[in-house]
Amino acid sequence: MKVYRFLSEEDTSAFCHKVTEALNKGWELYGTPTQTWDHKAGVMRCGQAVVKDAPGTYSPDIKLGAQ
């Protein structure tokens with residue numbers, strides 16, 4: 001099955017570490033990264049979609065981050 005996750009975080013090194021960790025666990029970048037200004041929190045937020053082929057059959061109960 002193919003699984004999809006959208007990673008997001010404030011625009012700090014924490015976001016880069018989150019994406020790097022996913023890449024090192026076999027996830028692949030999907031599409032381009034995105035940024036938006038969070039007016040309420042007063043911070044820039046980043047996002048990146050990632051995908052991965054994983055064994056098994058999809059179920060809404062699976063924990064995507066554990067794949």
# chains A, B, ... in the order shown; residues from 1 in each chain; ligands from 1
call {"tool": "select_by_dssp", "arguments": {"residues": "chain A", "states": "helix (DSSP H, G or I)", "output": "list in words"}}
result
Ser13, Ala14, Phe15, Cys16, His17, Lys18, Val19, Thr20, Glu21, Ala22, Leu23, Asn24, Leu64, Gly65 and Ala66 of chain A
call {"tool": "write_last_selection", "arguments": {"atoms": "N, CA and C atoms", "output": "PDB file, in the first residue's frame"}}
result
ATOM      1  N   SER A  13      14.512  24.861  12.786  1.00  0.00           N
ATOM      2  CA  SER A  13      15.244  23.648  12.445  1.00  0.00           C
ATOM      3  C   SER A  13      14.446  22.400  12.811  1.00  0.00           C
ATOM      4  N   ALA A  14      13.472  22.525  13.714  1.00  0.00           N
ATOM      5  CA  ALA A  14      12.636  21.374  14.088  1.00  0.00           C
ATOM      6  C   ALA A  14      11.900  20.820  12.870  1.00  0.00           C
ATOM      7  N   PHE A  15      11.455  21.695  11.980  1.00  0.00           N
ATOM      8  CA  PHE A  15      10.777  21.235  10.761  1.00  0.00           C
ATOM      9  C   PHE A  15      11.750  20.451   9.885  1.00  0.00           C
ATOM     10  N   CYS A  16      12.943  20.968   9.692  1.00  0.00           N
ATOM     11  CA  CYS A  16      13.947  20.271   8.879  1.00  0.00           C
ATOM     12  C   CYS A  16      14.295  18.914   9.485  1.00  0.00           C
ATOM     13  N   HIS A  17      14.400  18.861  10.807  1.00  0.00           N
ATOM     14  CA  HIS A  17      14.694  17.594  11.468  1.00  0.00           C
ATOM     15  C   HIS A  17      13.544  16.601  11.282  1.00  0.00           C
ATOM     16  N   LYS A  18      12.308  17.082  11.341  1.00  0.00           N
ATOM     17  CA  LYS A  18      11.147  16.204  11.160  1.00  0.00           C
ATOM     18  C   LYS A  18      11.146  15.595   9.762  1.00  0.00           C
ATOM     19  N   VAL A  19      11.407  16.412   8.749  1.00  0.00           N
ATOM     20  CA  VAL A  19      11.447  15.920   7.369  1.00  0.00           C
ATOM     21  C   VAL A  19      12.643  14.987   7.173  1.00  0.00           C
ATOM     22  N   THR A  20      13.805  15.366   7.710  1.00  0.00           N
ATOM     23  CA  THR A  20      15.001  14.524   7.586  1.00  0.00           C
ATOM     24  C   THR A  20      14.773  13.161   8.230  1.00  0.00           C
ATOM     25  N   GLU A  21      14.137  13.134   9.384  1.00  0.00           N
ATOM     26  CA  GLU A  21      13.851  11.862  10.048  1.00  0.00           C
ATOM     27  C   GLU A  21      12.951  10.988   9.167  1.00  0.00           C
ATOM     28  N   ALA A  22      11.919  11.587   8.585  1.00  0.00           N
ATOM     29  CA  ALA A  22      11.025  10.828   7.710  1.00  0.00           C
ATOM     30  C   ALA A  22      11.781  10.269   6.507  1.00  0.00           C
ATOM     31  N   LEU A  23      12.642  11.075   5.887  1.00  0.00           N
ATOM     32  CA  LEU A  23      13.423  10.613   4.736  1.00  0.00           C
ATOM     33  C   LEU A  23      14.323   9.440   5.120  1.00  0.00           C
ATOM     34  N   ASN A  24      14.903   9.500   6.297  1.00  0.00           N
ATOM     35  CA  ASN A  24      15.776   8.425   6.753  1.00  0.00           C
ATOM     36  C   ASN A  24      15.010   7.167   7.150  1.00  0.00           C
ATOM     37  N   LEU A  64       0.200   6.160  10.720  1.00  0.00           N
ATOM     38  CA  LEU A  64       1.039   6.480   9.558  1.00  0.00           C
ATOM     39  C   LEU A  64       2.480   6.742   9.942  1.00  0.00           C
ATOM     40  N   GLY A  65       2.725   7.419  11.048  1.00  0.00           N
ATOM     41  CA  GLY A  65       4.084   7.715  11.469  1.00  0.00           C
ATOM     42  C   GLY A  65       4.875   6.493  11.871  1.00  0.00           C
ATOM     43  N   ALA A  66       4.188   5.386  12.147  1.00  0.00           N
ATOM     44  CA  ALA A  66       4.864   4.157  12.555  1.00  0.00           C
ATOM     45  C   ALA A  66       5.258   3.305  11.348  1.00  0.00           C
TER      46      ALA A  66
END
call {"tool": "residues_around", "arguments": {"residues": "Val43 of chain A", "least_positions_apart": "6", "cutoff": "9 Å", "atoms": "only C-alpha atoms", "output": "mmCIF file with C-alpha atoms, in the first residue's frame"}}
result
data_model
loop_
_atom_site.group_PDB
_atom_site.id
_atom_site.type_symbol
_atom_site.label_atom_id
_atom_site.label_comp_id
_atom_site.auth_asym_id
_atom_site.auth_seq_id
_atom_site.Cartn_x
_atom_site.Cartn_y
_atom_site.Cartn_z
ATOM 1 C CA GLU A 10 7.022 26.198 12.798
ATOM 2 C CA ASP A 11 9.724 27.441 10.423
ATOM 3 C CA THR A 36 2.208 30.201 5.487
ATOM 4 C CA TRP A 37 2.037 32.908 8.121
#
call {"tool": "closest_residue", "arguments": {"among": "A:Asp38, A:Thr32, A:Ala49, A:Gly26", "to": "Phe6 of chain A", "atoms": "only C-alpha atoms"}}
result
A:Ala49
